[in-house]
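Peer 1: Below is the file coords31.cif, which contains mmCIF, C-alpha atoms.
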```cif
data_protein
loop_
_atom_site.label_atom_id
_atom_site.label_comp_id
_atom_site.auth_asym_id
_atom_site.auth_seq_id
_atom_site.Cartn_x
_atom_site.Cartn_y
_atom_site.Cartn_z
CA MET A 129 149.31 158.20 109.07
CA ARG A 130 146.10 156.25 108.72
CA ALA A 131 147.11 153.85 111.50
CA TRP A 132 147.50 156.82 113.87
CA LEU A 133 144.01 157.99 112.96
CA TYR A 134 142.56 154.57 113.83
CA LEU A 135 144.55 154.53 117.08
CA ALA A 136 143.19 157.96 118.02
CA ALA A 137 139.64 156.82 117.19
CA ALA A 138 140.09 153.75 119.38
CA ALA A 139 141.43 155.92 122.23
CA ILE A 140 138.42 158.27 121.94
CA ALA A 141 136.00 155.31 121.92
CA GLY A 142 137.68 153.81 124.98
CA GLY A 143 137.48 157.17 126.74
CA ILE A 144 133.77 157.48 125.96
CA VAL A 145 133.10 154.05 127.46
CA THR A 146 135.33 154.28 130.56
CA THR A 147 134.62 157.89 131.61
CA PRO A 148 131.05 157.25 132.90
CA ALA A 149 132.29 154.24 134.87
CA LEU A 150 134.99 156.37 136.52
CA VAL A 151 132.50 159.19 137.18
CA VAL A 152 130.10 156.78 138.87
CA LEU A 153 132.86 155.09 140.89
CA ILE A 154 134.72 158.19 142.09
CA LEU A 155 132.29 161.12 142.04
CA LEU A 156 129.01 159.34 142.89
CA LYS A 157 130.60 156.68 145.15
CA GLY A 158 128.74 153.92 143.35
CA THR A 159 129.41 150.21 143.38
CA PHE A 160 131.20 148.35 140.61
CA GLU A 161 127.83 147.15 139.29
CA ASP A 162 126.68 150.77 138.95
CA ALA A 163 129.88 151.55 137.06
CA LEU A 164 129.31 148.58 134.75
CA VAL A 165 125.72 149.65 134.04
CA ALA A 166 126.81 153.24 133.37
CA SER A 167 129.53 152.03 131.01
CA LEU A 168 127.23 149.67 129.12
CA ALA A 169 124.49 152.31 128.87
CA THR A 170 126.92 154.82 127.39
CA LEU A 171 128.23 152.23 124.94
CA LEU A 172 124.63 151.34 124.00
CA LEU A 173 123.57 154.92 123.32
CA ALA A 174 126.83 155.88 121.56
CA ALA A 175 126.62 152.86 119.27
CA GLY A 176 122.91 153.52 118.64
CA ILE A 177 123.60 157.12 117.65
CA ALA A 178 126.44 155.89 115.44
CA VAL A 179 124.01 153.49 113.72
CA VAL A 180 121.61 156.28 112.76
CA THR A 181 124.12 159.03 111.92
CA MET A 182 127.13 157.45 110.19
CA ARG A 183 127.49 157.86 106.45
CA ASP A 184 129.05 154.50 105.55
CA ILE A 185 126.29 151.92 105.90
CA ILE A 186 128.67 148.99 106.50
CA ARG A 187 129.99 150.88 109.54
CA CYS A 188 126.38 151.43 110.64
CA GLY A 189 125.91 147.65 110.55
CA LEU A 190 129.07 147.06 112.58
CA ALA A 191 128.03 149.72 115.13
CA MET A 192 124.69 147.91 115.39
CA ILE A 193 126.58 144.76 116.48
CA VAL A 194 128.30 146.79 119.24
CA CYS A 195 124.90 148.13 120.29
CA PHE A 196 123.44 144.61 120.54
CA LEU A 197 126.48 143.42 122.52
CA ALA A 198 126.06 146.24 125.07
CA LEU A 199 122.39 145.32 125.36
CA ALA A 200 123.32 141.68 126.05
CA GLY A 201 125.58 142.93 128.85
CA LEU A 202 122.65 144.92 130.31
CA TYR A 203 120.49 141.77 130.21
CA VAL A 204 123.15 139.97 132.25
CA THR A 205 123.18 142.74 134.85
CA LEU A 206 119.38 142.43 134.97
CA GLY A 207 119.73 138.72 135.80
CA ALA A 208 118.30 137.39 132.52
CA ALA A 209 121.26 135.30 131.38
CA LEU A 210 119.26 133.19 128.92
CA VAL A 211 117.88 136.30 127.21
CA ALA A 212 121.44 137.63 126.95
CA ALA A 213 122.59 134.39 125.33
CA ALA A 214 119.65 134.49 122.92
CA GLN A 215 120.49 138.14 122.16
CA VAL A 216 124.05 137.19 121.22
CA ILE A 217 122.99 134.19 119.13
CA VAL A 218 119.91 135.65 117.40
CA TYR A 219 120.85 139.32 116.98
CA ILE A 220 124.64 139.28 116.67
CA GLY A 221 124.87 135.85 115.08
CA ALA A 222 121.88 135.88 112.75
CA ILE A 223 120.15 139.23 112.21
CA SER A 224 123.35 141.31 111.98
CA VAL A 225 124.86 138.90 109.46
CA LEU A 226 121.60 138.95 107.48
CA ILE A 227 121.63 142.77 107.44
CA LEU A 228 125.32 142.89 106.44
CA PHE A 229 124.61 140.51 103.55
CA ALA A 230 121.63 142.62 102.48
CA ILE A 231 123.85 145.73 102.59
CA MET A 232 126.39 144.06 100.32
CA LEU A 233 123.62 142.98 97.92
CA THR A 234 121.87 146.34 97.63
CA GLN A 235 124.42 149.15 97.76
CA ASP A 236 125.56 150.90 94.59
CA LYS A 237 128.60 153.17 94.33
CA VAL A 238 126.52 156.30 93.79
CA GLY A 239 124.16 155.82 96.71
CA SER A 240 126.73 156.24 99.47
CA ASN A 241 128.09 159.50 98.04
CA ARG A 242 124.79 161.29 98.14
CA LEU A 243 122.86 162.64 101.11
CA THR A 244 122.54 160.36 104.12
CA PHE A 245 119.46 162.02 105.56
CA GLN A 246 116.18 163.04 104.04
CA THR A 247 115.08 166.67 104.03
CA GLN A 248 112.93 166.04 107.09
CA ALA A 249 115.91 165.20 109.32
CA ALA A 250 115.48 168.26 111.59
CA PRO A 251 111.77 167.61 112.34
CA ALA A 252 112.66 163.94 112.85
CA ALA A 253 115.31 164.91 115.43
CA ILE A 254 112.78 167.14 117.24
CA ALA A 255 110.22 164.33 117.24
CA ALA A 256 112.78 161.85 118.61
CA ILE A 257 113.81 164.25 121.41
CA ILE A 258 110.13 164.76 122.30
CA VAL A 259 109.66 160.96 122.46
CA ALA A 260 112.68 160.56 124.76
CA VAL A 261 111.55 163.41 127.06
CA LEU A 262 107.97 162.09 127.22
CA VAL A 263 109.15 158.59 128.15
CA ALA A 264 111.55 159.97 130.78
CA VAL A 265 108.80 162.16 132.32
CA ALA A 266 106.33 159.26 132.34
CA VAL A 267 108.90 156.93 133.91
CA ALA A 268 109.86 159.46 136.59
CA GLY A 269 106.21 160.26 137.39
CA THR A 270 104.95 156.70 137.79
CA ASN A 271 105.18 154.48 140.84
CA TRP A 272 105.78 150.99 139.42
CA GLY A 273 105.78 149.22 142.78
CA ALA A 274 109.13 147.77 141.85
CA ALA A 275 111.44 145.73 144.02
CA SER A 276 114.67 147.39 145.05
CA ALA A 277 116.95 144.90 143.30
CA ALA A 278 116.79 142.87 140.11
CA VAL A 279 115.68 139.27 140.62
CA ARG A 280 117.73 136.60 138.89
CA ILE A 281 115.60 134.17 136.87
CA ALA A 282 116.61 130.50 136.92
CA THR A 283 116.74 128.97 133.45
CA ASN A 284 114.82 125.99 134.80
CA ASP A 285 111.86 128.17 135.82
CA LEU A 286 112.02 129.93 132.48
CA ALA A 287 111.81 126.61 130.61
CA HIS A 288 108.81 125.53 132.72
CA LEU A 289 107.09 128.83 131.96
CA LEU A 290 107.94 128.67 128.23
CA PHE A 291 106.77 125.10 127.64
CA ASP A 292 103.80 125.12 130.00
CA ARG A 293 102.03 128.44 130.30
CA TYR A 294 103.26 130.01 127.06
CA VAL A 295 103.32 126.86 124.93
CA LEU A 296 100.63 128.18 122.55
CA ALA A 297 102.63 131.35 121.88
CA PHE A 298 105.77 129.22 121.42
CA GLU A 299 104.09 127.06 118.77
CA ALA A 300 102.56 130.10 117.06
CA VAL A 301 106.01 131.71 116.85
CA SER A 302 107.41 128.56 115.25
CA VAL A 303 104.69 128.68 112.56
CA LEU A 304 105.36 132.42 112.10
CA LEU A 305 109.09 131.79 111.60
CA LEU A 306 108.36 129.07 109.02
CA ALA A 307 106.00 131.42 107.16
CA ALA A 308 108.61 134.21 107.28
CA VAL A 309 111.32 131.93 105.89
CA ILE A 310 109.08 130.77 103.01
CA GLY A 311 107.95 134.34 102.35
CA GLY A 312 111.51 135.65 102.39
CA VAL A 313 112.69 133.03 99.92
CA PHE A 314 109.68 133.70 97.68
CA LEU A 315 110.15 137.49 97.71
CA ALA A 316 113.90 137.48 97.14
CA LYS A 317 113.78 134.77 94.48
CA ARG A 318 114.70 135.82 90.96
CA GLU A 319 111.90 135.21 88.48
CA LYS A 320 112.86 132.70 85.82
CA ASP A 321 111.45 134.45 82.75
CA ALA A 322 112.84 137.84 83.84
CA THR A 323 116.44 136.68 83.69
CA GLY A 324 115.99 134.44 80.66
CA MET B 977 120.48 153.71 145.97
CA GLY B 978 122.73 152.91 143.02
CA ILE B 979 121.66 153.29 139.45
CA ALA B 980 121.94 149.55 138.83
CA GLU B 981 119.19 148.84 141.41
CA GLN B 982 116.55 151.15 139.98
CA LEU B 983 113.94 150.26 137.39
CA ASN B 984 113.86 153.89 136.23
CA THR B 985 117.45 153.73 134.96
CA TYR B 986 116.66 150.93 132.55
CA LEU B 987 113.31 152.39 131.45
CA THR B 988 114.85 155.80 130.71
CA LEU B 989 117.68 154.15 128.81
CA SER B 990 115.12 152.14 126.85
CA GLY B 991 113.20 155.31 126.00
CA ALA B 992 116.38 157.02 124.83
CA LEU B 993 117.32 154.09 122.58
CA PHE B 994 113.77 154.04 121.21
CA ALA B 995 114.07 157.75 120.41
CA VAL B 996 117.37 157.15 118.60
CA GLY B 997 115.65 154.45 116.54
CA THR B 998 112.72 156.79 115.82
CA PHE B 999 115.09 159.44 114.53
CA GLY B 1000 116.89 156.93 112.31
CA PHE B 1001 113.63 155.58 110.90
CA LEU B 1002 112.30 159.05 110.08
CA ALA B 1003 115.52 160.62 108.84
CA ARG B 1004 117.57 158.04 106.95
CA ARG B 1005 117.21 157.70 103.18
CA ASN B 1006 118.53 154.17 102.88
CA ALA B 1007 115.96 151.39 103.21
CA ILE B 1008 118.38 149.11 105.07
CA SER B 1009 119.24 151.92 107.51
CA MET B 1010 115.52 152.24 108.21
CA LEU B 1011 115.33 148.50 108.93
CA MET B 1012 118.32 148.80 111.26
CA SER B 1013 116.54 151.63 113.10
CA ILE B 1014 113.49 149.39 113.49
CA GLU B 1015 115.76 146.75 115.04
CA LEU B 1016 117.03 149.39 117.48
CA MET B 1017 113.46 150.26 118.47
CA LEU B 1018 112.56 146.58 118.97
CA ASN B 1019 115.65 146.13 121.13
CA ALA B 1020 114.71 149.18 123.21
CA VAL B 1021 111.27 147.68 123.89
CA ASN B 1022 112.91 144.37 124.74
CA LEU B 1023 115.14 146.10 127.29
CA ALA B 1024 112.06 147.62 128.94
CA ILE B 1025 110.32 144.21 129.01
CA VAL B 1026 113.32 142.45 130.56
CA ALA B 1027 113.69 145.26 133.13
CA PHE B 1028 110.04 144.95 134.12
CA GLY B 1029 110.45 141.18 134.39
CA ALA B 1030 113.48 141.61 136.65
CA PHE B 1031 112.06 144.26 138.99
CA ILE B 1032 108.31 143.60 139.30
CA PRO B 1033 107.75 140.50 141.44
CA ASP B 1034 104.49 139.53 139.68
CA LEU B 1035 106.18 139.50 136.28
CA GLN B 1036 109.21 137.46 137.28
CA GLY B 1037 109.95 135.01 134.45
CA ASP B 1038 107.18 136.29 132.18
CA GLY B 1039 109.35 139.23 131.12
CA ALA B 1040 112.13 136.95 129.88
CA VAL B 1041 109.66 134.70 128.01
CA ILE B 1042 108.02 137.68 126.30
CA ALA B 1043 111.47 139.05 125.39
CA LEU B 1044 112.34 135.74 123.73
CA MET B 1045 109.06 135.89 121.76
CA VAL B 1046 109.85 139.45 120.65
CA MET B 1047 113.26 138.29 119.43
CA ALA B 1048 111.70 135.52 117.32
CA VAL B 1049 109.15 137.92 115.80
CA ALA B 1050 111.94 140.45 115.15
CA ALA B 1051 113.88 137.77 113.30
CA ALA B 1052 110.82 137.05 111.13
CA GLU B 1053 110.37 140.79 110.51
CA ALA B 1054 114.01 141.20 109.49
CA THR B 1055 113.78 138.27 107.07
CA VAL B 1056 110.68 139.55 105.27
CA GLY B 1057 111.81 143.19 105.36
CA LEU B 1058 115.23 142.50 103.88
CA ALA B 1059 113.69 140.22 101.23
CA ILE B 1060 111.34 143.05 100.24
CA VAL B 1061 114.26 145.53 100.07
CA ILE B 1062 116.26 143.13 97.89
CA ALA B 1063 113.26 142.55 95.60
CA ILE B 1064 112.68 146.31 95.21
CA PHE B 1065 116.40 146.89 94.64
CA ARG B 1066 116.31 144.37 91.80
CA ASN B 1067 113.60 146.43 90.07
CA ARG B 1068 114.63 150.02 90.84
CA LYS B 1069 118.45 149.65 91.17
CA THR B 1070 118.58 151.98 94.19
CA PRO B 1071 118.36 151.44 97.97
CA LEU B 1072 117.13 155.00 98.63
CA VAL B 1073 113.49 155.12 99.72
CA ASP B 1074 112.71 158.59 98.34
CA GLU B 1075 113.32 157.27 94.84
CA TYR B 1076 110.63 154.61 95.25
CA ASP B 1077 107.93 156.87 93.74
CA ALA B 1078 106.09 154.50 91.38
CA MET B 1079 102.84 154.78 93.37
CA ARG B 1080 102.95 158.60 93.47
CA ARG B 1081 103.04 159.17 89.74
#
```
Mind converting the file's structure to structure tokens?
Peer 2:
Amino acid sequence: MRAWLYLAAAAIAGGIVTTPALVVLILLKGTFEDALVASLATLLLAAGIAVVTMRDIIRCGLAMIVCFLALAGLYVTLGAALVAAAQVIVYIGAISVLILFAIMLTQDKVGSNRLTFQTQAAPAAIAAIIVAVLVAVAVAGTNWGAASAAVRIATNDLAHLLFDRYVLAFEAVSVLLLAAVIGGVFLAKREKDATG
Amino acid sequence: MGIAEQLNTYLTLSGALFAVGTFGFLARRNAISMLMSIELMLNAVNLAIVAFGAFIPDLQGDGAVIALMVMAVAAAEATVGLAIVIAIFRNRKTPLVDEYDAMRR
């Protein structure tokens, strides 16, 4: 019985992801790249909404991984392959695992049974919709002077830029990461006299 | 012109993901859910930066470099944020932010 439920959920998820691609391909006569972008965008938004609305926080963490994966796919379609690789390694490989570990360390049995949202959930939803509409209006109303197609960035050029023009920022980020690691260890460390 | 060749597609998508993250940050009770929503918002901004870098000729390359920087800073933020949540959980025994009321009393 439970296996059928999971199968149905998988079928619904597959339908959600493939329907926009089919709509773009057949109804709007788009190219395969358009269909891919539509599919990835739907997956991104569906996984994002799942992250903020699902009750079980472990499932929220797993949906977040799906969201990051869809975003990596969008980076590839934008021609930034190195950023996509970094997205997979840093977000899916490191940050998601860190968050899943933190979930396992901090959840109690009672917490998940109580309310998921605060009392201000309805105003928060209104505020979020206003943000989305404002951004969409601003995007539609601005002439960015953009090229008509995404330009692929060679990794070689990226490395020259990173280690030449942005080398100060690169070094500053390395110091910041070191400080964050030391700070994280210090904050999460158990005090000796508190535990005996 | 197809949707994959327009900057507006990616910027609107980025705004929508940012709004989803905003809703999660304002509405969720769990501290780790709030941190996950912040990660969503950072990723939305990153998508906008990479899209600008891909479509605006003057920003070609710079967008990708700035996106990599944002990722590193987001990793630092996640480390410190989760360490703080774990430290508070050790004291208060709950991950729910509306029960962290020691400074209100």
Peer 1: Please write the residues picked by the PyMOL selection byres ((chain A) within 7 of (chain B)) on this file as a ChimeraX atom specification.
Peer 2: /A:158,161-162,165,173,176-177,180,206-208,211,223,230-231,234-235,244-246,248-249,252-253,256-257,259-260,263-264,267-268,274-281,286,290,301,305,308-309,311-312,315-316
Peer 1: Given the PyMOL selection byres ((chain A and resi 197) around 12) and the file above, list the residues it selects as a VMD selection string.
Peer 2: (chain A and resid 168 to 169 171 to 173 175 to 176 190 to 196 198 to 204 212 to 221 224) or (chain B and resid 1019)
Peer 1: Once you have the residues from the selection above, write them out as a PDB file, keeping the file's coordinate frame, restricted to C-alpha atoms.
Peer 2:
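Produced file result_15.pdb, reproduced below:
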```
ATOM      1  CA  LEU A 168     127.230 149.670 129.120  1.00  0.00           C
ATOM      2  CA  ALA A 169     124.490 152.310 128.870  1.00  0.00           C
ATOM      3  CA  LEU A 171     128.230 152.230 124.940  1.00  0.00           C
ATOM      4  CA  LEU A 172     124.630 151.340 124.000  1.00  0.00           C
ATOM      5  CA  LEU A 173     123.570 154.920 123.320  1.00  0.00           C
ATOM      6  CA  ALA A 175     126.620 152.860 119.270  1.00  0.00           C
ATOM      7  CA  GLY A 176     122.910 153.520 118.640  1.00  0.00           C
ATOM      8  CA  LEU A 190     129.070 147.060 112.580  1.00  0.00           C
ATOM      9  CA  ALA A 191     128.030 149.720 115.130  1.00  0.00           C
ATOM     10  CA  MET A 192     124.690 147.910 115.390  1.00  0.00           C
ATOM     11  CA  ILE A 193     126.580 144.760 116.480  1.00  0.00           C
ATOM     12  CA  VAL A 194     128.300 146.790 119.240  1.00  0.00           C
ATOM     13  CA  CYS A 195     124.900 148.130 120.290  1.00  0.00           C
ATOM     14  CA  PHE A 196     123.440 144.610 120.540  1.00  0.00           C
ATOM     15  CA  ALA A 198     126.060 146.240 125.070  1.00  0.00           C
ATOM     16  CA  LEU A 199     122.390 145.320 125.360  1.00  0.00           C
ATOM     17  CA  ALA A 200     123.320 141.680 126.050  1.00  0.00           C
ATOM     18  CA  GLY A 201     125.580 142.930 128.850  1.00  0.00           C
ATOM     19  CA  LEU A 202     122.650 144.920 130.310  1.00  0.00           C
ATOM     20  CA  TYR A 203     120.490 141.770 130.210  1.00  0.00           C
ATOM     21  CA  VAL A 204     123.150 139.970 132.250  1.00  0.00           C
ATOM     22  CA  ALA A 212     121.440 137.630 126.950  1.00  0.00           C
ATOM     23  CA  ALA A 213     122.590 134.390 125.330  1.00  0.00           C
ATOM     24  CA  ALA A 214     119.650 134.490 122.920  1.00  0.00           C
ATOM     25  CA  GLN A 215     120.490 138.140 122.160  1.00  0.00           C
ATOM     26  CA  VAL A 216     124.050 137.190 121.220  1.00  0.00           C
ATOM     27  CA  ILE A 217     122.990 134.190 119.130  1.00  0.00           C
ATOM     28  CA  VAL A 218     119.910 135.650 117.400  1.00  0.00           C
ATOM     29  CA  TYR A 219     120.850 139.320 116.980  1.00  0.00           C
ATOM     30  CA  ILE A 220     124.640 139.280 116.670  1.00  0.00           C
ATOM     31  CA  GLY A 221     124.870 135.850 115.080  1.00  0.00           C
ATOM     32  CA  SER A 224     123.350 141.310 111.980  1.00  0.00           C
TER      33      SER A 224
ATOM     34  CA  ASN B1019     115.650 146.130 121.130  1.00  0.00           C
TER      35      ASN B1019
END
```
Peer 1: Grab the CA of Leu228 (chain A) to CA of Ala136 (chain A) distance for me, in Å with one decimal place.
Peer 2: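 CA of Ala136 (chain A) lies at a distance of 26.1 Å from CA of Leu228 (chain A).
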Peer 1: Would you compute the distance between CA of Arg187 (chain A) and CA of Val145 (chain A)? Give it in Å to one decimal.
Peer 2: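 Computing it gives 18.5 Å between the two atoms.
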Peer 1: Which value, in Å to one decimal, gives the distance between CA of Ala174 (chain A) and CA of Ile144 (chain A)?
Peer 2: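 Separation between CA of Ala174 (chain A) and CA of Ile144 (chain A): 8.4 Å.
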